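Participant: Quick one: the structure is below, and I'll ask about it shortly.
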Amino acid sequence: MLKLAEKYAGKPADQLPMLFHRILQNKVRSHFRWQKIRSLWTAPASSLLPGSGGEEADPLETFKVEESSIALEQPPESLARNQVVDAIEEALKTLPARQREAFLLRYWEEMDIAQTAAAMGCSEGSVKTHCSRAVHALAAILKARGVTP
């Protein structure tokens with residue numbers, strides 16, 4: 001909330017909830033990314049001790065990767081994914097405000113139709129209409145940029 005107050009104090013009040021959710025979401029993702037990296041590169045000191053057979057163990061072989069951690073992507077796949085994400089973000093900026101809001105609440109924040117309608121202060125039918133139009137507009141924009149599903 002402090003970052004919201006510091007950086008976006010001049011923004012209209014109707015934009016503050018979406019900005020707050022974006023800031024919060026980014027902070028949570030950043031926390032979990034760093035936690036995953038820390039768990040990959042830290043190990044108990046006892047795991048670095050020489051083996052019992054008199055031979056010294058290779059410290060790099062003693063690191064254990066948690067099963068829940070995701071394998072590192074190859075650079076081409078990472079680049080392609082980042083380019084698609086950038087294209088989606090740019091395409092979202094071109095949508096009308098209500099369509100962008102409905103799309104982000106429904107698909108990004110994973111709210112159901114009733115929750116989205118309550119957050120937007122409109123009917124459920126309006127949410128469905130805005131989401132449908134946003135999805136079709138995004139699909140057309142991304143297709144024109146060469147992004148395929």
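Letters for chains follow the order of the structure tokens (A, B, ...), residue numbers begin at 1 for each chain, and ligand numbers begin at 1 in the order shown.
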Please provide as a ChimeraX atom specification all residues within 10 Å of A:Ala137, with the sequence filter that same-chain residues fewer than 3 positions apart are discarded (counting only C-alpha atoms).
Facilitator: /A:91-92,94-95,99,131-134,140-143
Participant: How about saving the chosen residues, all heavy atoms kept, as a short mmCIF file (atom, residue, chain, number, x, y, z; two decimals), in the first residue's frame?
Facilitator:
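Here's the written file again.cif:
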data_model
loop_
_atom_site.label_atom_id
_atom_site.label_comp_id
_atom_site.auth_asym_id
_atom_site.auth_seq_id
_atom_site.Cartn_x
_atom_site.Cartn_y
_atom_site.Cartn_z
N ALA A 91 -1.08 -5.43 -26.11
CA ALA A 91 -2.44 -5.55 -26.65
C ALA A 91 -3.47 -5.13 -25.61
O ALA A 91 -4.48 -4.51 -25.94
CB ALA A 91 -2.69 -6.97 -27.13
N LEU A 92 -3.23 -5.46 -24.33
CA LEU A 92 -4.15 -5.07 -23.26
C LEU A 92 -4.27 -3.55 -23.15
O LEU A 92 -5.33 -3.03 -22.84
CB LEU A 92 -3.70 -5.65 -21.93
CG LEU A 92 -4.06 -7.10 -21.66
CD1 LEU A 92 -3.35 -7.60 -20.42
CD2 LEU A 92 -5.55 -7.28 -21.53
N THR A 94 -4.34 -1.47 -25.46
CA THR A 94 -5.18 -0.91 -26.53
C THR A 94 -6.67 -1.13 -26.30
O THR A 94 -7.48 -0.52 -26.98
CB THR A 94 -4.80 -1.53 -27.90
OG1 THR A 94 -5.12 -2.92 -27.89
CG2 THR A 94 -3.32 -1.33 -28.20
N LEU A 95 -7.02 -1.97 -25.35
CA LEU A 95 -8.44 -2.24 -25.07
C LEU A 95 -9.09 -1.05 -24.36
O LEU A 95 -8.43 -0.34 -23.60
CB LEU A 95 -8.58 -3.48 -24.18
CG LEU A 95 -8.21 -4.82 -24.76
CD1 LEU A 95 -8.35 -5.90 -23.69
CD2 LEU A 95 -9.05 -5.16 -25.96
N GLN A 99 -13.35 -3.06 -20.85
CA GLN A 99 -12.99 -4.40 -21.35
C GLN A 99 -11.71 -4.88 -20.68
O GLN A 99 -11.61 -6.03 -20.27
CB GLN A 99 -12.80 -4.36 -22.87
CG GLN A 99 -14.08 -4.24 -23.64
CD GLN A 99 -13.85 -4.23 -25.14
OE1 GLN A 99 -12.79 -4.63 -25.62
NE2 GLN A 99 -14.86 -3.79 -25.88
N CYS A 131 -15.93 -9.15 -21.35
CA CYS A 131 -14.92 -10.20 -21.46
C CYS A 131 -14.89 -10.79 -22.86
O CYS A 131 -13.81 -11.00 -23.43
CB CYS A 131 -15.17 -11.31 -20.43
SG CYS A 131 -14.70 -10.85 -18.76
N SER A 132 -16.04 -11.04 -23.41
CA SER A 132 -16.11 -11.61 -24.76
C SER A 132 -15.47 -10.66 -25.78
O SER A 132 -14.67 -11.09 -26.61
CB SER A 132 -17.57 -11.90 -25.13
OG SER A 132 -17.65 -12.35 -26.46
N ARG A 133 -15.83 -9.40 -25.69
CA ARG A 133 -15.26 -8.43 -26.62
C ARG A 133 -13.75 -8.30 -26.42
O ARG A 133 -13.01 -8.16 -27.40
CB ARG A 133 -15.95 -7.08 -26.44
CG ARG A 133 -17.38 -7.08 -26.93
CD ARG A 133 -18.05 -5.76 -26.71
NE ARG A 133 -19.43 -5.80 -27.19
CZ ARG A 133 -20.33 -4.89 -26.92
NH1 ARG A 133 -20.02 -3.83 -26.17
NH2 ARG A 133 -21.55 -5.01 -27.38
N ALA A 134 -13.30 -8.32 -25.18
CA ALA A 134 -11.87 -8.22 -24.91
C ALA A 134 -11.11 -9.42 -25.47
O ALA A 134 -10.06 -9.25 -26.10
CB ALA A 134 -11.63 -8.10 -23.40
N ALA A 140 -7.55 -11.00 -32.09
CA ALA A 140 -7.31 -10.37 -33.39
C ALA A 140 -5.99 -9.61 -33.39
O ALA A 140 -5.21 -9.70 -34.35
CB ALA A 140 -8.46 -9.43 -33.73
N ILE A 141 -5.70 -8.88 -32.31
CA ILE A 141 -4.45 -8.12 -32.21
C ILE A 141 -3.26 -9.06 -32.21
O ILE A 141 -2.27 -8.84 -32.93
CB ILE A 141 -4.46 -7.23 -30.96
CG1 ILE A 141 -5.52 -6.13 -31.09
CG2 ILE A 141 -3.09 -6.62 -30.71
CD1 ILE A 141 -5.79 -5.38 -29.79
N LEU A 142 -3.33 -10.11 -31.42
CA LEU A 142 -2.21 -11.05 -31.33
C LEU A 142 -2.01 -11.83 -32.63
O LEU A 142 -0.87 -12.09 -33.03
CB LEU A 142 -2.41 -11.99 -30.14
CG LEU A 142 -2.37 -11.33 -28.77
CD1 LEU A 142 -2.71 -12.31 -27.67
CD2 LEU A 142 -1.03 -10.67 -28.52
N LYS A 143 -3.10 -12.17 -33.28
CA LYS A 143 -2.99 -12.86 -34.56
C LYS A 143 -2.31 -11.96 -35.60
O LYS A 143 -1.48 -12.42 -36.38
CB LYS A 143 -4.38 -13.30 -35.05
CG LYS A 143 -4.34 -14.15 -36.30
CD LYS A 143 -5.73 -14.63 -36.68
CE LYS A 143 -5.66 -15.49 -37.93
NZ LYS A 143 -7.00 -15.94 -38.35
#
Participant: Enumerate as a PDB file with C-alpha atoms, in the first residue's frame all residues of stretch 89-129 of chain A assigned to helix (DSSP H, G or I) by DSSP on the backbone, naming them with the chain letters and numbers the document uses.
Facilitator:
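Output file part07.pdb follows:
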ATOM      1  CA  GLU A  89       0.577  -6.618 -22.268  1.00  0.00           C
ATOM      2  CA  GLU A  90       0.828  -4.230 -25.222  1.00  0.00           C
ATOM      3  CA  ALA A  91      -2.436  -5.546 -26.649  1.00  0.00           C
ATOM      4  CA  LEU A  92      -4.150  -5.073 -23.265  1.00  0.00           C
ATOM      5  CA  LYS A  93      -3.192  -1.388 -23.327  1.00  0.00           C
ATOM      6  CA  THR A  94      -5.179  -0.912 -26.527  1.00  0.00           C
ATOM      7  CA  ALA A  97     -10.906   0.563 -19.977  1.00  0.00           C
ATOM      8  CA  ARG A  98     -14.017  -1.484 -19.116  1.00  0.00           C
ATOM      9  CA  GLN A  99     -12.987  -4.395 -21.351  1.00  0.00           C
ATOM     10  CA  ARG A 100      -9.459  -4.366 -19.913  1.00  0.00           C
ATOM     11  CA  GLU A 101     -10.824  -4.243 -16.365  1.00  0.00           C
ATOM     12  CA  ALA A 102     -13.260  -7.107 -16.963  1.00  0.00           C
ATOM     13  CA  PHE A 103     -10.606  -9.207 -18.708  1.00  0.00           C
ATOM     14  CA  LEU A 104      -7.990  -8.693 -15.982  1.00  0.00           C
ATOM     15  CA  LEU A 105     -10.400  -9.373 -13.148  1.00  0.00           C
ATOM     16  CA  ARG A 106     -11.838 -12.509 -14.765  1.00  0.00           C
ATOM     17  CA  TYR A 107      -8.750 -14.114 -16.258  1.00  0.00           C
ATOM     18  CA  TRP A 108      -5.791 -12.535 -14.471  1.00  0.00           C
ATOM     19  CA  ILE A 113     -18.518 -13.532 -12.978  1.00  0.00           C
ATOM     20  CA  ALA A 114     -20.413 -12.478  -9.847  1.00  0.00           C
ATOM     21  CA  GLN A 115     -17.265 -11.231  -8.099  1.00  0.00           C
ATOM     22  CA  THR A 116     -16.180  -9.347 -11.213  1.00  0.00           C
ATOM     23  CA  ALA A 117     -19.601  -7.753 -11.568  1.00  0.00           C
ATOM     24  CA  ALA A 118     -19.512  -6.650  -7.932  1.00  0.00           C
ATOM     25  CA  ALA A 119     -15.989  -5.238  -8.300  1.00  0.00           C
ATOM     26  CA  MET A 120     -16.898  -3.370 -11.487  1.00  0.00           C
ATOM     27  CA  GLU A 124     -23.107 -10.085 -14.780  1.00  0.00           C
ATOM     28  CA  GLY A 125     -24.296  -9.761 -18.374  1.00  0.00           C
ATOM     29  CA  SER A 126     -22.113  -6.681 -18.825  1.00  0.00           C
ATOM     30  CA  VAL A 127     -19.105  -8.584 -17.487  1.00  0.00           C
ATOM     31  CA  LYS A 128     -19.728 -11.397 -19.967  1.00  0.00           C
ATOM     32  CA  THR A 129     -20.074  -8.903 -22.823  1.00  0.00           C
TER      33      THR A 129
END
Participant: Measuring atom to atom with only C-alpha atoms, identify which of A:Lys7, A:Asp14, A:Leu19, A:Asp86 is nearest to A:Arg145.
Facilitator: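 Using only C-alpha atoms, A:Arg145 sits closest to A:Asp86.
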Participant: One decimal, in Å: what's the spacing between atom CA of A:Ile23 and atom CA of A:Met1?
Facilitator: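 Separation of atom CA of A:Ile23 and atom CA of A:Met1: 8.6 Å.
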